[in-house]
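The next block holds one structure in the form of structure tokens; read it before the comments.
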Amino acid sequence: MIQVEALEKVYPGRKGQAGVKAVDNISFGVHEGELLGFLGPNGAGKTTTVKMLCGLIRPSSGRIFINGIDLLQRRISALADVSAVLEGNRNIYWRLTAQENLEFFAAVRGLNPARLRNEIGYYLKLFNLTEKRDVEARKLSRGMQQKLAIAVALISQSKVVLLDEPTLGLDVQASYEIRQLLKQIVKEQGRTVILTTHDMNVVQDACQRVIIVNEGRIVANDSVHNLLDLFKVKVYRITVQGGLTAEQRQALLAMEEVIIEEESPIQTAISVRLEESQILYRVIGVLESNHSPIESIDQDQNNFERVFLQILEGGSQGA
Ligand SMILES: Nc1ncnc2c1ncn2[C@@H]1O[C@H](COP(=O)(O)OP(=O)(O)OP(=O)(O)O)[C@@H](O)[C@H]1O
Ligand SMILES: [Mg+2]
């Protein structure tokens, strides 16, 4: 559905200054019906990539195909299949009500008026906005505005939906709802979705595959499942009563798998990254050397956040 080849974007610099290479030779494809997460630290080039995919900015080089159509050669036909929500909620009109926004954008996209009523009712209900249908967009809460913006993108029926940080600034409940909705529209309607996010819950919960970019380059492109597997690291958290002696502290700090997370005269918490089981015994040995009473040893689940940080630290594993 989407094919990106050797895409690059250099933003020109100001007089005399060097430009910024925001996207540096990236290639990837997205299947129909796939929900792809696009991750990376601030400034990695995510928004720039999304803007190129929806035709807002022109690549410096490379090619983009949407449903087989060359976006740079046949812009209008290629973009007929794309809708996007950028930077929160810019694609809705503040002075139109929720319902009017949906009507307007459906009409702009040439949706058949006979189907319109049903569709609008469907999306208002799906996004829990039925009660707010006659409220002006500017008077909705941030989360509701965000949901309306996504609904507007969906009502166009476009096969490809691009969402730049769809859950940014939303509360836990709204973020959860949006995740469920995205999964639903991919599953039920076979849409193809690319979303950028810093929210690891979104990744773990909703995305099938992720592409991780750093400094404009792809450093990983794999299923969430595989990446979690590939970086299977157990982390144990050990809590002991009281503080540590200077010798204990020194011995623990010398082990690179160990982090002293907190230390006070009352309680000390240590986390141990477990690449091999020996390390846990060595840590316990250090604690026993001064008879520090161990209160608990808990296993922490490996999560996508840790995987993400490891990939960024370790370079190109999995790419
Ligand atoms: N209009 C612009 N003009 C010049 N440089 C830009 C412009 N937009 C972005 N950049 C630069 O391009 C790089 C990538 O920015 P981009 O917004 O794509 O990052 P991002 O991955 O979306 O980051 P974030 O997670 O903070 O949203 C950054 O170095 C940024 O400063
Ligand atoms: Mg961005």
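Naming scheme: A, B, ... for chains in displayed order of the structure tokens; residues 1 onward per chain; ligands 1 onward as shown.
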Excluding Asn42 of chain A and residues on its chain fewer than 2 positions from it, collect all residues at most 12 Å away from it, counting only C-alpha atoms, and give them as a ChimeraX atom specification.
-> /A:22,39-40,44-48,165,196-198,212-216
Output file for the selection above: C-alpha atoms, as a JSON list (two decimals), in the first residue's frame:
[["chain", "number", "residue", "atom", "x", "y", "z"],
["A", 22, "ALA", "CA", 16.16, 15.40, 8.66],
["A", 39, "LEU", "CA", 9.26, 5.71, 16.63],
["A", 40, "GLY", "CA", 12.34, 7.69, 17.43],
["A", 44, "ALA", "CA", 14.64, 11.87, 14.48],
["A", 45, "GLY", "CA", 12.67, 12.80, 11.36],
["A", 46, "LYS", "CA", 9.26, 11.23, 12.05],
["A", 47, "THR", "CA", 7.08, 14.25, 11.36],
["A", 48, "THR", "CA", 9.18, 15.12, 8.33],
["A", 165, "GLU", "CA", 1.36, 11.53, 17.67],
["A", 196, "THR", "CA", 4.24, 8.28, 15.09],
["A", 197, "THR", "CA", 4.38, 8.14, 18.84],
["A", 198, "HIS", "CA", 6.47, 8.43, 21.95],
["A", 212, "ILE", "CA", 12.60, 3.02, 14.74],
["A", 213, "VAL", "CA", 14.41, 6.01, 13.32],
["A", 214, "ASN", "CA", 17.34, 7.86, 14.78],
["A", 215, "GLU", "CA", 19.00, 10.90, 13.19],
["A", 216, "GLY", "CA", 17.02, 10.37, 10.02]]
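The smallest atom-to-atom distance between ligand 1 and any of A:Leu56, A:Leu280, A:Leu72, A:Ile155, using only C-alpha atoms and all ligand atoms, is found for A:Leu56.
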Can you work out the spacing between atom CA of Leu102 of chain A and atom CA of Val161 of chain A in Å, to one decimal?
->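 Interatomic distance here is 15.9 Å.
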Would you mind listing what lies within 10 Å of Val50 of chain A as a PDB file with N, CA and C atoms, in the first residue's frame, with only C-alpha atoms counted and same-chain residues fewer than 4 positions away left out?
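Dumped to out-v2.pdb:
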ATOM      1  N   PHE A  38       5.810   4.389  14.068  1.00  0.00           N
ATOM      2  CA  PHE A  38       7.030   5.062  13.641  1.00  0.00           C
ATOM      3  C   PHE A  38       7.592   5.756  14.872  1.00  0.00           C
ATOM      4  N   GLY A  45      13.147  12.697  12.737  1.00  0.00           N
ATOM      5  CA  GLY A  45      12.673  12.797  11.361  1.00  0.00           C
ATOM      6  C   GLY A  45      11.296  12.168  11.126  1.00  0.00           C
ATOM      7  N   LYS A  46      10.569  11.883  12.186  1.00  0.00           N
ATOM      8  CA  LYS A  46       9.262  11.230  12.054  1.00  0.00           C
ATOM      9  C   LYS A  46       8.237  12.139  11.378  1.00  0.00           C
ATOM     10  N   CYS A  54       2.252  12.591   3.056  1.00  0.00           N
ATOM     11  CA  CYS A  54       0.945  13.167   2.731  1.00  0.00           C
ATOM     12  C   CYS A  54       1.089  14.387   1.827  1.00  0.00           C
ATOM     13  N   GLY A  55       2.255  14.547   1.236  1.00  0.00           N
ATOM     14  CA  GLY A  55       2.424  15.552   0.198  1.00  0.00           C
ATOM     15  C   GLY A  55       2.552  16.979   0.699  1.00  0.00           C
ATOM     16  N   LEU A  56       2.758  17.170   1.997  1.00  0.00           N
ATOM     17  CA  LEU A  56       2.879  18.536   2.521  1.00  0.00           C
ATOM     18  C   LEU A  56       4.238  19.150   2.233  1.00  0.00           C
ATOM     19  N   ILE A  57       5.263  18.312   2.231  1.00  0.00           N
ATOM     20  CA  ILE A  57       6.572  18.820   1.829  1.00  0.00           C
ATOM     21  C   ILE A  57       7.181  17.867   0.795  1.00  0.00           C
ATOM     22  N   ALA A  84      -4.542  12.532   6.701  1.00  0.00           N
ATOM     23  CA  ALA A  84      -3.526  12.665   7.743  1.00  0.00           C
ATOM     24  C   ALA A  84      -3.990  13.594   8.849  1.00  0.00           C
ATOM     25  N   VAL A  85      -3.539  13.298  10.051  1.00  0.00           N
ATOM     26  CA  VAL A  85      -3.737  14.223  11.174  1.00  0.00           C
ATOM     27  C   VAL A  85      -2.349  14.584  11.688  1.00  0.00           C
ATOM     28  N   LEU A  86      -2.010  15.856  11.519  1.00  0.00           N
ATOM     29  CA  LEU A  86      -0.670  16.275  11.914  1.00  0.00           C
ATOM     30  C   LEU A  86      -0.725  17.104  13.184  1.00  0.00           C
ATOM     31  N   LEU A 162      -2.576   8.608   8.102  1.00  0.00           N
ATOM     32  CA  LEU A 162      -1.305   8.949   8.750  1.00  0.00           C
ATOM     33  C   LEU A 162      -1.585   9.791   9.980  1.00  0.00           C
ATOM     34  N   LEU A 163      -1.065   9.376  11.103  1.00  0.00           N
ATOM     35  CA  LEU A 163      -1.355  10.081  12.354  1.00  0.00           C
ATOM     36  C   LEU A 163      -0.049  10.442  13.053  1.00  0.00           C
ATOM     37  N   ASP A 164       0.169  11.740  13.227  1.00  0.00           N
ATOM     38  CA  ASP A 164       1.387  12.173  13.908  1.00  0.00           C
ATOM     39  C   ASP A 164       1.060  12.377  15.387  1.00  0.00           C
ATOM     40  N   ILE A 194      -0.243   4.513   9.543  1.00  0.00           N
ATOM     41  CA  ILE A 194       1.088   4.769  10.094  1.00  0.00           C
ATOM     42  C   ILE A 194       0.908   5.811  11.181  1.00  0.00           C
ATOM     43  N   LEU A 195       1.417   5.517  12.362  1.00  0.00           N
ATOM     44  CA  LEU A 195       1.368   6.540  13.397  1.00  0.00           C
ATOM     45  C   LEU A 195       2.741   6.750  13.992  1.00  0.00           C
ATOM     46  N   THR A 196       3.011   8.003  14.351  1.00  0.00           N
ATOM     47  CA  THR A 196       4.239   8.276  15.085  1.00  0.00           C
ATOM     48  C   THR A 196       3.845   8.422  16.541  1.00  0.00           C
TER      49      THR A 196
END
Contacts of Lys21 of chain A at 8 Å or less, counting only C-alpha atoms, minus same-chain residues fewer than 5 places along, as a ChimeraX atom specification?
-> /A:8-11,216
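Counting from atom CA of Phe304 of chain A, the distance to atom CA of Asn128 of chain A is 29.2 Å.
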Counting only C-alpha atoms, closest pick from A:Val283, A:Val272, A:Ile185, A:Val307 relative to Gly33 of chain A is A:Ile185
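From atom CA of Leu36 of chain A back to atom CA of Ile211 of chain A, the distance works out to 7.5 Å.
The set of residues in segment 136-173 of chain A assigned to helix (DSSP H, G or I) by DSSP, using only backbone atoms of this structure, is Ala137, Arg138, Lys139, Arg142, Gly143, Met144, Gln145, Gln146, Lys147, Leu148, Ala149, Ile150, Ala151, Val152, Ala153, Leu154, Ile155, Val172 and Gln173 of chain A.
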Which polymer residues have any atom within 9 Å of an atom of Val240 of chain A, counting only C-alpha atoms, with same-chain residues fewer than 6 positions away left out, as a list in words?
-> Ile266, Gln267, Thr268, Ala269, Ile270, Leu287, Ser292, Pro293, Ile294, Glu295 and Ser296 of chain A
Just the selected residues (C-alpha atoms), exported as a PDB file, in the first residue's frame, please.
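The file below, selection11.pdb, is the result:
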ATOM      1  CA  ILE A 266      15.777   2.858  55.711  1.00  0.00           C
ATOM      2  CA  GLN A 267      15.708   1.051  52.406  1.00  0.00           C
ATOM      3  CA  THR A 268      17.798   0.466  49.295  1.00  0.00           C
ATOM      4  CA  ALA A 269      16.556  -0.635  45.887  1.00  0.00           C
ATOM      5  CA  ILE A 270      18.836  -2.180  43.312  1.00  0.00           C
ATOM      6  CA  LEU A 287      24.491  -7.933  50.103  1.00  0.00           C
ATOM      7  CA  SER A 292      21.844  -6.722  54.609  1.00  0.00           C
ATOM      8  CA  PRO A 293      18.358  -8.186  55.037  1.00  0.00           C
ATOM      9  CA  ILE A 294      16.741  -8.725  51.639  1.00  0.00           C
ATOM     10  CA  GLU A 295      13.077  -7.740  51.712  1.00  0.00           C
ATOM     11  CA  SER A 296      12.056  -8.698  48.227  1.00  0.00           C
TER      12      SER A 296
END
